[in-house]
Structure formats: structure tokens, C-alpha cells
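start_20.pdb follows; it contains PDB, C-alpha atoms, pLDDT in the B column.
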ATOM      1  CA  MET A 231     -57.656  93.516 210.706  1.00 79.00           C
ATOM      2  CA  PRO A 232     -59.709  90.346 210.336  1.00 88.00           C
ATOM      3  CA  THR A 233     -63.297  90.452 209.151  1.00 91.00           C
ATOM      4  CA  TYR A 234     -66.062  89.488 211.568  1.00 93.00           C
ATOM      5  CA  GLU A 235     -69.786  88.984 211.316  1.00 94.00           C
ATOM      6  CA  LEU A 236     -72.067  90.139 214.136  1.00 93.00           C
ATOM      7  CA  SER A 237     -75.527  88.614 214.049  1.00 95.00           C
ATOM      8  CA  PHE A 238     -77.908  89.910 216.658  1.00 93.00           C
ATOM      9  CA  LEU A 239     -81.559  89.963 217.626  1.00 95.00           C
ATOM     10  CA  VAL A 240     -83.167  93.248 218.631  1.00 95.00           C
ATOM     11  CA  ARG A 241     -86.404  93.832 220.524  1.00 94.00           C
ATOM     12  CA  VAL A 242     -89.362  94.556 218.267  1.00 94.00           C
ATOM     13  CA  LEU A 243     -89.734  98.339 218.411  1.00 93.00           C
ATOM     14  CA  PRO A 244     -90.903 101.130 216.067  1.00 94.00           C
ATOM     15  CA  LYS A 245     -88.605 102.038 213.160  1.00 94.00           C
ATOM     16  CA  HIS A 246     -87.059 105.153 214.681  1.00 94.00           C
ATOM     17  CA  GLU A 247     -86.149 103.325 217.907  1.00 95.00           C
ATOM     18  CA  THR A 248     -84.716 100.377 215.966  1.00 94.00           C
ATOM     19  CA  LYS A 249     -82.649 102.871 213.967  1.00 95.00           C
ATOM     20  CA  ASN A 250     -81.232 104.256 217.232  1.00 95.00           C
ATOM     21  CA  ILE A 251     -80.280 100.737 218.386  1.00 94.00           C
ATOM     22  CA  LEU A 252     -78.485 100.051 215.081  1.00 94.00           C
ATOM     23  CA  LYS A 253     -76.667 103.389 215.308  1.00 95.00           C
ATOM     24  CA  ARG A 254     -75.616 102.609 218.866  1.00 93.00           C
ATOM     25  CA  ALA A 255     -74.230  99.202 217.834  1.00 93.00           C
ATOM     26  CA  ALA A 256     -72.422 100.786 214.867  1.00 95.00           C
ATOM     27  CA  ASN A 257     -70.925 103.474 217.125  1.00 95.00           C
ATOM     28  CA  TYR A 258     -69.616 100.762 219.482  1.00 93.00           C
ATOM     29  CA  ILE A 259     -67.757  99.272 216.532  1.00 93.00           C
ATOM     30  CA  PHE A 260     -66.466 102.646 215.281  1.00 94.00           C
ATOM     31  CA  ASP A 261     -65.380 103.775 218.762  1.00 92.00           C
ATOM     32  CA  HIS A 262     -63.163 100.717 219.190  1.00 89.00           C
ATOM     33  CA  GLY A 263     -61.436 101.040 215.808  1.00 90.00           C
ATOM     34  CA  GLY A 264     -63.677  98.943 213.569  1.00 92.00           C
ATOM     35  CA  ILE A 265     -64.916  99.479 210.023  1.00 93.00           C
ATOM     36  CA  ILE A 266     -68.390  98.311 208.991  1.00 94.00           C
ATOM     37  CA  ARG A 267     -68.483  96.691 205.541  1.00 92.00           C
ATOM     38  CA  ASN A 268     -72.139  95.668 205.267  1.00 93.00           C
ATOM     39  CA  ILE A 269     -75.413  95.806 207.218  1.00 94.00           C
ATOM     40  CA  ASP A 270     -78.179  93.288 206.487  1.00 94.00           C
ATOM     41  CA  ASN A 271     -81.739  93.444 207.777  1.00 94.00           C
ATOM     42  CA  LEU A 272     -83.208  89.942 207.892  1.00 94.00           C
ATOM     43  CA  GLY A 273     -86.613  91.166 209.051  1.00 93.00           C
ATOM     44  CA  THR A 274     -88.827  90.599 212.051  1.00 95.00           C
ATOM     45  CA  ARG A 275     -89.885  87.056 212.808  1.00 94.00           C
ATOM     46  CA  PRO A 276     -90.655  84.781 215.743  1.00 95.00           C
ATOM     47  CA  THR A 277     -87.703  83.388 217.655  1.00 93.00           C
ATOM     48  CA  PRO A 278     -87.188  79.605 217.569  1.00 92.00           C
ATOM     49  CA  TYR A 279     -87.706  79.473 221.339  1.00 93.00           C
ATOM     50  CA  LYS A 280     -88.512  81.827 224.186  1.00 94.00           C
ATOM     51  CA  ILE A 281     -85.514  83.984 225.000  1.00 93.00           C
ATOM     52  CA  SER A 282     -85.345  85.704 228.347  1.00 92.00           C
ATOM     53  CA  ASN A 283     -82.866  88.543 228.579  1.00 89.00           C
ATOM     54  CA  HIS A 284     -82.585  91.542 230.905  1.00 88.00           C
ATOM     55  CA  GLY A 285     -85.676  90.473 232.863  1.00 89.00           C
ATOM     56  CA  ALA A 286     -88.061  90.084 229.906  1.00 91.00           C
ATOM     57  CA  VAL A 287     -89.221  87.127 227.801  1.00 94.00           C
ATOM     58  CA  HIS A 288     -89.051  87.595 224.024  1.00 94.00           C
ATOM     59  CA  LYS A 289     -90.950  85.505 221.478  1.00 94.00           C
ATOM     60  CA  GLU A 290     -90.317  87.761 218.468  1.00 95.00           C
ATOM     61  CA  ALA A 291     -87.290  89.756 217.362  1.00 95.00           C
ATOM     62  CA  SER A 292     -85.763  91.756 214.522  1.00 95.00           C
ATOM     63  CA  TYR A 293     -82.724  90.044 212.992  1.00 96.00           C
ATOM     64  CA  PHE A 294     -79.668  92.026 211.809  1.00 96.00           C
ATOM     65  CA  VAL A 295     -76.178  91.138 210.547  1.00 96.00           C
ATOM     66  CA  TYR A 296     -73.140  93.456 210.517  1.00 95.00           C
ATOM     67  CA  LYS A 297     -70.017  92.522 208.549  1.00 94.00           C
ATOM     68  CA  PHE A 298     -67.065  94.505 209.834  1.00 94.00           C
ATOM     69  CA  ASP A 299     -63.289  94.630 210.264  1.00 93.00           C
ATOM     70  CA  PHE A 300     -62.163  94.828 213.866  1.00 93.00           C
ATOM     71  CA  PRO A 301     -58.952  94.466 215.894  1.00 93.00           C
ATOM     72  CA  PRO A 302     -58.970  91.070 217.650  1.00 92.00           C
ATOM     73  CA  ALA A 303     -57.502  92.484 220.874  1.00 93.00           C
ATOM     74  CA  LYS A 304     -60.608  94.612 221.451  1.00 93.00           C
ATOM     75  CA  LEU A 305     -63.158  91.920 220.587  1.00 92.00           C
ATOM     76  CA  THR A 306     -63.863  91.075 224.236  1.00 93.00           C
ATOM     77  CA  ILE A 307     -64.604  94.738 224.971  1.00 93.00           C
ATOM     78  CA  LEU A 308     -67.088  94.900 222.086  1.00 92.00           C
ATOM     79  CA  ASN A 309     -68.690  91.649 223.193  1.00 92.00           C
ATOM     80  CA  ASP A 310     -69.087  92.987 226.733  1.00 93.00           C
ATOM     81  CA  VAL A 311     -70.540  96.331 225.594  1.00 92.00           C
ATOM     82  CA  LEU A 312     -73.094  94.617 223.345  1.00 92.00           C
ATOM     83  CA  HIS A 313     -73.988  92.178 226.120  1.00 91.00           C
ATOM     84  CA  ARG A 314     -74.878  95.080 228.430  1.00 93.00           C
ATOM     85  CA  ASP A 315     -77.161  96.738 225.861  1.00 91.00           C
ATOM     86  CA  VAL A 316     -80.756  96.229 227.041  1.00 92.00           C
ATOM     87  CA  ASP A 317     -82.312  96.354 223.562  1.00 92.00           C
ATOM     88  CA  ILE A 318     -80.122  93.594 222.086  1.00 94.00           C
ATOM     89  CA  ILE A 319     -81.704  90.259 222.968  1.00 94.00           C
ATOM     90  CA  LYS A 320     -79.035  87.910 221.656  1.00 93.00           C
ATOM     91  CA  LYS A 321     -75.774  88.412 219.780  1.00 94.00           C
ATOM     92  CA  ARG A 322     -73.027  86.278 218.325  1.00 94.00           C
ATOM     93  CA  ILE A 323     -69.751  87.271 216.678  1.00 94.00           C
ATOM     94  CA  PHE A 324     -68.258  85.007 214.017  1.00 93.00           C
ATOM     95  CA  ARG A 325     -64.935  85.306 212.240  1.00 92.00           C
ATOM     96  CA  ASN A 326     -65.158  85.265 208.438  1.00 88.00           C
ATOM     97  CA  GLU A 327     -62.631  82.983 206.822  1.00 81.00           C
ATOM     98  CA  ALA A 328     -60.817  84.118 203.689  1.00 70.00           C
ATOM     99  CA  LYS A 329     -62.559  82.756 200.640  1.00 68.00           C
ATOM    100  CA  GLU A 330     -60.593  80.803 198.058  1.00 63.00           C
ATOM    101  CA  GLU A 331     -60.660  82.250 194.594  1.00 71.00           C
ATOM    102  CA  PHE A 332     -60.523  79.816 191.750  1.00 67.00           C
ATOM    103  CA  GLU A 333     -60.710  80.030 188.002  1.00 74.00           C
ATOM    104  CA  CYS A 334     -63.356  78.006 186.243  1.00 71.00           C
ATOM    105  CA  THR A 335     -63.380  77.398 182.517  1.00 77.00           C
ATOM    106  CA  LEU A 336     -66.022  75.795 180.361  1.00 80.00           C
ATOM    107  CA  GLU A 337     -63.490  73.295 178.998  1.00 81.00           C
ATOM    108  CA  ASP A 338     -62.903  71.866 182.495  1.00 78.00           C
ATOM    109  CA  GLU A 339     -66.624  71.612 183.205  1.00 78.00           C
ATOM    110  CA  ILE A 340     -67.401  69.780 179.963  1.00 85.00           C
ATOM    111  CA  LYS A 341     -64.894  66.998 180.686  1.00 86.00           C
ATOM    112  CA  PRO A 342     -66.297  63.778 182.171  1.00 88.00           C
ATOM    113  CA  ALA A 343     -65.772  63.483 185.922  1.00 85.00           C
ATOM    114  CA  PRO A 344     -62.855  60.989 185.890  1.00 85.00           C
ATOM    115  CA  TYR A 345     -60.804  63.324 183.679  1.00 87.00           C
ATOM    116  CA  ARG A 346     -61.211  66.455 185.818  1.00 87.00           C
ATOM    117  CA  LYS A 347     -58.199  67.478 187.864  1.00 86.00           C
ATOM    118  CA  GLU A 348     -60.151  67.915 191.139  1.00 85.00           C
ATOM    119  CA  VAL A 349     -61.678  64.450 190.859  1.00 89.00           C
ATOM    120  CA  GLN A 350     -58.284  62.874 190.152  1.00 91.00           C
ATOM    121  CA  LEU A 351     -56.846  64.578 193.260  1.00 92.00           C
ATOM    122  CA  MET A 352     -59.748  63.257 195.364  1.00 91.00           C
ATOM    123  CA  ILE A 353     -59.200  59.728 194.054  1.00 92.00           C
ATOM    124  CA  GLU A 354     -55.467  59.910 194.891  1.00 93.00           C
ATOM    125  CA  GLU A 355     -56.242  61.187 198.380  1.00 92.00           C
ATOM    126  CA  GLY A 356     -58.700  58.320 198.902  1.00 89.00           C
ATOM    127  CA  ARG A 357     -56.125  55.757 197.764  1.00 90.00           C
ATOM    128  CA  LYS A 358     -53.533  57.177 200.179  1.00 88.00           C
ATOM    129  CA  LYS A 359     -55.957  56.956 203.082  1.00 84.00           C
ATOM    130  CA  ALA A 360     -56.935  53.407 202.132  1.00 82.00           C
ATOM    131  CA  SER A 361     -53.290  52.307 202.047  1.00 81.00           C
ATOM    132  CA  GLN A 362     -52.629  53.897 205.459  1.00 80.00           C
ATOM    133  CA  LYS A 363     -55.575  52.131 207.067  1.00 72.00           C
ATOM    134  CA  LYS A 364     -54.454  49.699 209.748  1.00 71.00           C
ATOM    135  CA  THR A 365     -55.718  46.154 209.705  1.00 68.00           C
ATOM    136  CA  PHE A 366     -56.661  44.464 212.929  1.00 66.00           C
ATOM    137  CA  THR A 367     -54.426  41.645 214.070  1.00 62.00           C
ATOM    138  CA  TYR A 368     -55.212  39.422 217.005  1.00 60.00           C
ATOM    139  CA  GLY A 369     -52.951  39.833 219.972  1.00 57.00           C
ATOM    140  CA  ASN A 370     -51.397  43.112 218.866  1.00 60.00           C
ATOM    141  CA  ASN A 371     -47.834  41.749 219.023  1.00 67.00           C
ATOM    142  CA  LEU A 372     -48.434  39.800 222.221  1.00 64.00           C
ATOM    143  CA  LYS A 373     -46.812  36.397 222.683  1.00 67.00           C
ATOM    144  CA  ILE A 374     -50.214  34.798 223.277  1.00 67.00           C
ATOM    145  CA  ASN A 375     -53.551  35.001 221.517  1.00 63.00           C
ATOM    146  CA  PRO A 376     -56.233  35.741 224.144  1.00 63.00           C
ATOM    147  CA  PHE A 377     -59.024  34.480 221.903  1.00 68.00           C
ATOM    148  CA  GLN A 378     -57.518  31.041 221.373  1.00 66.00           C
ATOM    149  CA  ARG A 379     -58.290  28.247 223.851  1.00 61.00           C
TER     150      ARG A 379
END
Take the structure in the file and write it out as C-alpha cells.
Amino acid sequence: MPTYELSFLVRVLPKHETKNILKRAANYIFDHGGIIRNIDNLGTRPTPYKISNHGAVHKEASYFVYKFDFPPAKLTILNDVLHRDVDIIKKRIFRNEAKEEFECTLEDEIKPAPYRKEVQLMIEEGRKKASQKKTFTYGNNLKINPFQR
């Protein structure tokens, strides 16, 4: 299952009611076959603009982020269920890309930039692109030159 990130804004409510909203959102994920990896609370702060949702205007919200694994076929169902929740002001689901793992050694970092392998690969790539660049020719293989009188 791919990993997703759900960032959502919740109405500003007392702690025990906010806890119930978070439980409800977590249960939606569990009920549809998901696994929650991490929950982040980003705090309560003003929204960047007025958000009207479910008949109310919100100028402040609590920000939360869930990182979870979820089957892609059921993502639309989860999106719809969260959209219908009255206490969730705004939500967005992002797919987490697999992170590249690389090995870094002190010897490579001490070398001057032109001698590093990554820099040499970038230079080669730039040279290839420069050689593939087309130059403009008048007429573009026409029998006449339209700019000549």
C-alpha cells in the first residue's frame, strides 16, 4: 500500500471534542483498511484567509497531519467521508514519494566541487543539453527567405 499524508484543518474546539474529531478521522482510515504511521499536531493558528464550510465562516483552525498507508482504490471513499464531516474545515490528501537513500562519506565532501561525482554528472548533462539545442535558421528549409527583400 502506498503512503499518504492527510493534512486537515479542524474547527477550534475544546480538547476533548478535538480528540473525538481526531478519533473519528482515524477510525475512517482504519475502517477502510488503512494503517496510521504518524500523527502531527501543528497547533491552532489563524487561517490565511476566511474559509467558509458547512454554512460557517472560519478565521482560525487547528492544524493536523496524518501519515498513513492506504489502498488507492478506496481513496475516493475516504475523501468523500472526510468531506462530509462537519468539524473538518479543509482537508487535502497527498501521496508521499519514496525517498532516495544515499551514502555520504567525509572523503567525498572534502573534495573540491569539480572533482565530486555528482558535479561531474551535472556538467555532462548540461553539455548534452547544450549540444542538443537547436539553432534558429531563417526560412526553416523553405526555398525563399521571407525576411529578405
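Atom pair atom CA of Asn271 of chain A / atom CA of Phe324 of chain A: separated by 17.1 Å.
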Taking into account all atoms listed in the file, which residue in the set A:Arg254, A:Glu247, A:Ile323, A:Leu239 is nearest to Pro278 of chain A?
A:Leu239
Residue members of the PyMOL selection byres ((chain A and resi 237) around 8) in the file shown, as a short mmCIF file (atom, residue, chain, number, x, y, z; two decimals) with C-alpha atoms, in the coordinates of the input:
data_model
loop_
_atom_site.label_atom_id
_atom_site.label_comp_id
_atom_site.auth_asym_id
_atom_site.auth_seq_id
_atom_site.Cartn_x
_atom_site.Cartn_y
_atom_site.Cartn_z
CA GLU A 235 -69.79 88.98 211.32
CA LEU A 236 -72.07 90.14 214.14
CA PHE A 238 -77.91 89.91 216.66
CA LEU A 239 -81.56 89.96 217.63
CA TYR A 293 -82.72 90.04 212.99
CA PHE A 294 -79.67 92.03 211.81
CA VAL A 295 -76.18 91.14 210.55
CA TYR A 296 -73.14 93.46 210.52
CA LYS A 321 -75.77 88.41 219.78
CA ARG A 322 -73.03 86.28 218.32
CA ILE A 323 -69.75 87.27 216.68
#
Counting all atoms listed in the file, the residue among A:Ala255, A:Lys363, A:Phe300, A:Leu272 that lies closest to Asp315 of chain A is A:Ala255
Could you tell me how far atom CA of Asp261 of chain A sits from atom CA of Lys304 of chain A, in Å to one decimal place?
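Distance reported for this atom pair: 10.7 Å.
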Could you tell me which of A:Glu337, A:Asp317, A:Asp299, A:Asp310 comes closest to Gly285 of chain A if we count all atoms listed in the file?
A:Asp317
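Counting from atom CA of Leu312 of chain A, the distance to atom CA of Thr233 of chain A is 17.7 Å.
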Can you tell me, as a list in words, what residues are no more than 12 Å from Ala286 of chain A when counting all atoms listed in the file, ignoring any on the same chain fewer than 3 positions away?
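The filter keeps Arg241, Lys280, Ile281, Ser282, Asn283, Lys289, Glu290, Val316, Asp317, Ile318 and Ile319 of chain A.
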Expected residue set, 6 Å radius at (-68.3, 93.9, 206.7), all atoms listed in the file, as a PyMOL selection string
chain A and resi 266-268+297-298
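Counting all atoms listed in the file, the residue from A:Val349, A:Ile340, A:Leu252, A:Met231 that sits nearest to Ser292 of chain A is A:Leu252.
Among the candidates A:Arg325, A:Arg314, A:Lys320, A:His246, the residue lying nearest to Pro232 of chain A is A:Arg325 (atoms considered: all atoms listed in the file).
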Complete the atom set of segment 249-278 of chain A to N, CA and C atoms and return it as a PDB file, in the frame of the given file.
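To be explicit, this is the file written out as part-v9.pdb:
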ATOM      1  N   LYS A 249     -83.748 102.142 214.606  1.00 95.00           N
ATOM      2  CA  LYS A 249     -82.649 102.871 213.967  1.00 95.00           C
ATOM      3  C   LYS A 249     -81.640 103.337 215.012  1.00 95.00           C
ATOM      4  N   ASN A 250     -82.133 103.810 216.157  1.00 95.00           N
ATOM      5  CA  ASN A 250     -81.232 104.256 217.232  1.00 95.00           C
ATOM      6  C   ASN A 250     -80.406 103.098 217.788  1.00 95.00           C
ATOM      7  N   ILE A 251     -81.008 101.916 217.897  1.00 94.00           N
ATOM      8  CA  ILE A 251     -80.280 100.737 218.386  1.00 94.00           C
ATOM      9  C   ILE A 251     -79.167 100.369 217.402  1.00 94.00           C
ATOM     10  N   LEU A 252     -79.485 100.390 216.102  1.00 94.00           N
ATOM     11  CA  LEU A 252     -78.485 100.051 215.081  1.00 94.00           C
ATOM     12  C   LEU A 252     -77.354 101.075 215.066  1.00 94.00           C
ATOM     13  N   LYS A 253     -77.701 102.352 215.235  1.00 95.00           N
ATOM     14  CA  LYS A 253     -76.667 103.389 215.308  1.00 95.00           C
ATOM     15  C   LYS A 253     -75.768 103.173 216.511  1.00 95.00           C
ATOM     16  N   ARG A 254     -76.380 102.830 217.647  1.00 93.00           N
ATOM     17  CA  ARG A 254     -75.616 102.609 218.866  1.00 93.00           C
ATOM     18  C   ARG A 254     -74.636 101.452 218.689  1.00 93.00           C
ATOM     19  N   ALA A 255     -75.109 100.358 218.074  1.00 93.00           N
ATOM     20  CA  ALA A 255     -74.230  99.202 217.834  1.00 93.00           C
ATOM     21  C   ALA A 255     -73.110  99.572 216.858  1.00 93.00           C
ATOM     22  N   ALA A 256     -73.439 100.360 215.832  1.00 95.00           N
ATOM     23  CA  ALA A 256     -72.422 100.786 214.867  1.00 95.00           C
ATOM     24  C   ALA A 256     -71.402 101.694 215.540  1.00 95.00           C
ATOM     25  N   ASN A 257     -71.848 102.582 216.413  1.00 95.00           N
ATOM     26  CA  ASN A 257     -70.925 103.474 217.125  1.00 95.00           C
ATOM     27  C   ASN A 257     -69.994 102.701 218.055  1.00 95.00           C
ATOM     28  N   TYR A 258     -70.492 101.612 218.662  1.00 93.00           N
ATOM     29  CA  TYR A 258     -69.616 100.762 219.482  1.00 93.00           C
ATOM     30  C   TYR A 258     -68.460 100.241 218.633  1.00 93.00           C
ATOM     31  N   ILE A 259     -68.792  99.812 217.424  1.00 93.00           N
ATOM     32  CA  ILE A 259     -67.757  99.272 216.532  1.00 93.00           C
ATOM     33  C   ILE A 259     -66.789 100.369 216.106  1.00 93.00           C
ATOM     34  N   PHE A 260     -67.321 101.540 215.714  1.00 94.00           N
ATOM     35  CA  PHE A 260     -66.466 102.646 215.281  1.00 94.00           C
ATOM     36  C   PHE A 260     -65.586 103.156 216.411  1.00 94.00           C
ATOM     37  N   ASP A 261     -66.131 103.242 217.621  1.00 92.00           N
ATOM     38  CA  ASP A 261     -65.380 103.775 218.762  1.00 92.00           C
ATOM     39  C   ASP A 261     -64.178 102.913 219.126  1.00 92.00           C
ATOM     40  N   HIS A 262     -64.261 101.621 218.839  1.00 89.00           N
ATOM     41  CA  HIS A 262     -63.163 100.717 219.190  1.00 89.00           C
ATOM     42  C   HIS A 262     -62.286 100.386 217.993  1.00 89.00           C
ATOM     43  N   GLY A 263     -62.362 101.194 216.931  1.00 90.00           N
ATOM     44  CA  GLY A 263     -61.436 101.040 215.808  1.00 90.00           C
ATOM     45  C   GLY A 263     -61.889 100.113 214.715  1.00 90.00           C
ATOM     46  N   GLY A 264     -63.181  99.839 214.598  1.00 92.00           N
ATOM     47  CA  GLY A 264     -63.677  98.943 213.569  1.00 92.00           C
ATOM     48  C   GLY A 264     -64.186  99.684 212.349  1.00 92.00           C
ATOM     49  N   ILE A 265     -64.373  98.945 211.272  1.00 93.00           N
ATOM     50  CA  ILE A 265     -64.916  99.479 210.023  1.00 93.00           C
ATOM     51  C   ILE A 265     -66.050  98.560 209.591  1.00 93.00           C
ATOM     52  N   ILE A 266     -67.241  99.108 209.411  1.00 94.00           N
ATOM     53  CA  ILE A 266     -68.390  98.311 208.991  1.00 94.00           C
ATOM     54  C   ILE A 266     -68.388  98.190 207.471  1.00 94.00           C
ATOM     55  N   ARG A 267     -68.479  96.960 206.976  1.00 92.00           N
ATOM     56  CA  ARG A 267     -68.483  96.691 205.541  1.00 92.00           C
ATOM     57  C   ARG A 267     -69.903  96.558 204.989  1.00 92.00           C
ATOM     58  N   ASN A 268     -70.805  95.965 205.774  1.00 93.00           N
ATOM     59  CA  ASN A 268     -72.139  95.668 205.267  1.00 93.00           C
ATOM     60  C   ASN A 268     -73.111  95.532 206.431  1.00 93.00           C
ATOM     61  N   ILE A 269     -74.352  95.977 206.230  1.00 94.00           N
ATOM     62  CA  ILE A 269     -75.413  95.806 207.218  1.00 94.00           C
ATOM     63  C   ILE A 269     -76.579  95.131 206.506  1.00 94.00           C
ATOM     64  N   ASP A 270     -77.040  94.010 207.060  1.00 94.00           N
ATOM     65  CA  ASP A 270     -78.179  93.288 206.487  1.00 94.00           C
ATOM     66  C   ASP A 270     -79.326  93.265 207.472  1.00 94.00           C
ATOM     67  N   ASN A 271     -80.528  93.549 206.978  1.00 94.00           N
ATOM     68  CA  ASN A 271     -81.739  93.444 207.777  1.00 94.00           C
ATOM     69  C   ASN A 271     -82.447  92.180 207.335  1.00 94.00           C
ATOM     70  N   LEU A 272     -82.571  91.209 208.233  1.00 94.00           N
ATOM     71  CA  LEU A 272     -83.208  89.942 207.892  1.00 94.00           C
ATOM     72  C   LEU A 272     -84.680  89.922 208.265  1.00 94.00           C
ATOM     73  N   GLY A 273     -85.187  91.044 208.775  1.00 93.00           N
ATOM     74  CA  GLY A 273     -86.613  91.166 209.051  1.00 93.00           C
ATOM     75  C   GLY A 273     -86.984  90.794 210.471  1.00 93.00           C
ATOM     76  N   THR A 274     -88.269  90.943 210.741  1.00 95.00           N
ATOM     77  CA  THR A 274     -88.827  90.599 212.051  1.00 95.00           C
ATOM     78  C   THR A 274     -89.550  89.277 211.924  1.00 95.00           C
ATOM     79  N   ARG A 275     -89.244  88.363 212.825  1.00 94.00           N
ATOM     80  CA  ARG A 275     -89.885  87.056 212.808  1.00 94.00           C
ATOM     81  C   ARG A 275     -89.873  86.458 214.197  1.00 94.00           C
ATOM     82  N   PRO A 276     -90.653  85.416 214.420  1.00 95.00           N
ATOM     83  CA  PRO A 276     -90.655  84.781 215.743  1.00 95.00           C
ATOM     84  C   PRO A 276     -89.331  84.081 216.023  1.00 95.00           C
ATOM     85  N   THR A 277     -88.930  84.080 217.269  1.00 93.00           N
ATOM     86  CA  THR A 277     -87.703  83.388 217.655  1.00 93.00           C
ATOM     87  C   THR A 277     -87.969  81.886 217.717  1.00 93.00           C
ATOM     88  N   PRO A 278     -86.961  81.054 217.544  1.00 92.00           N
ATOM     89  CA  PRO A 278     -87.188  79.605 217.569  1.00 92.00           C
ATOM     90  C   PRO A 278     -87.609  79.080 218.937  1.00 92.00           C
TER      91      PRO A 278
END
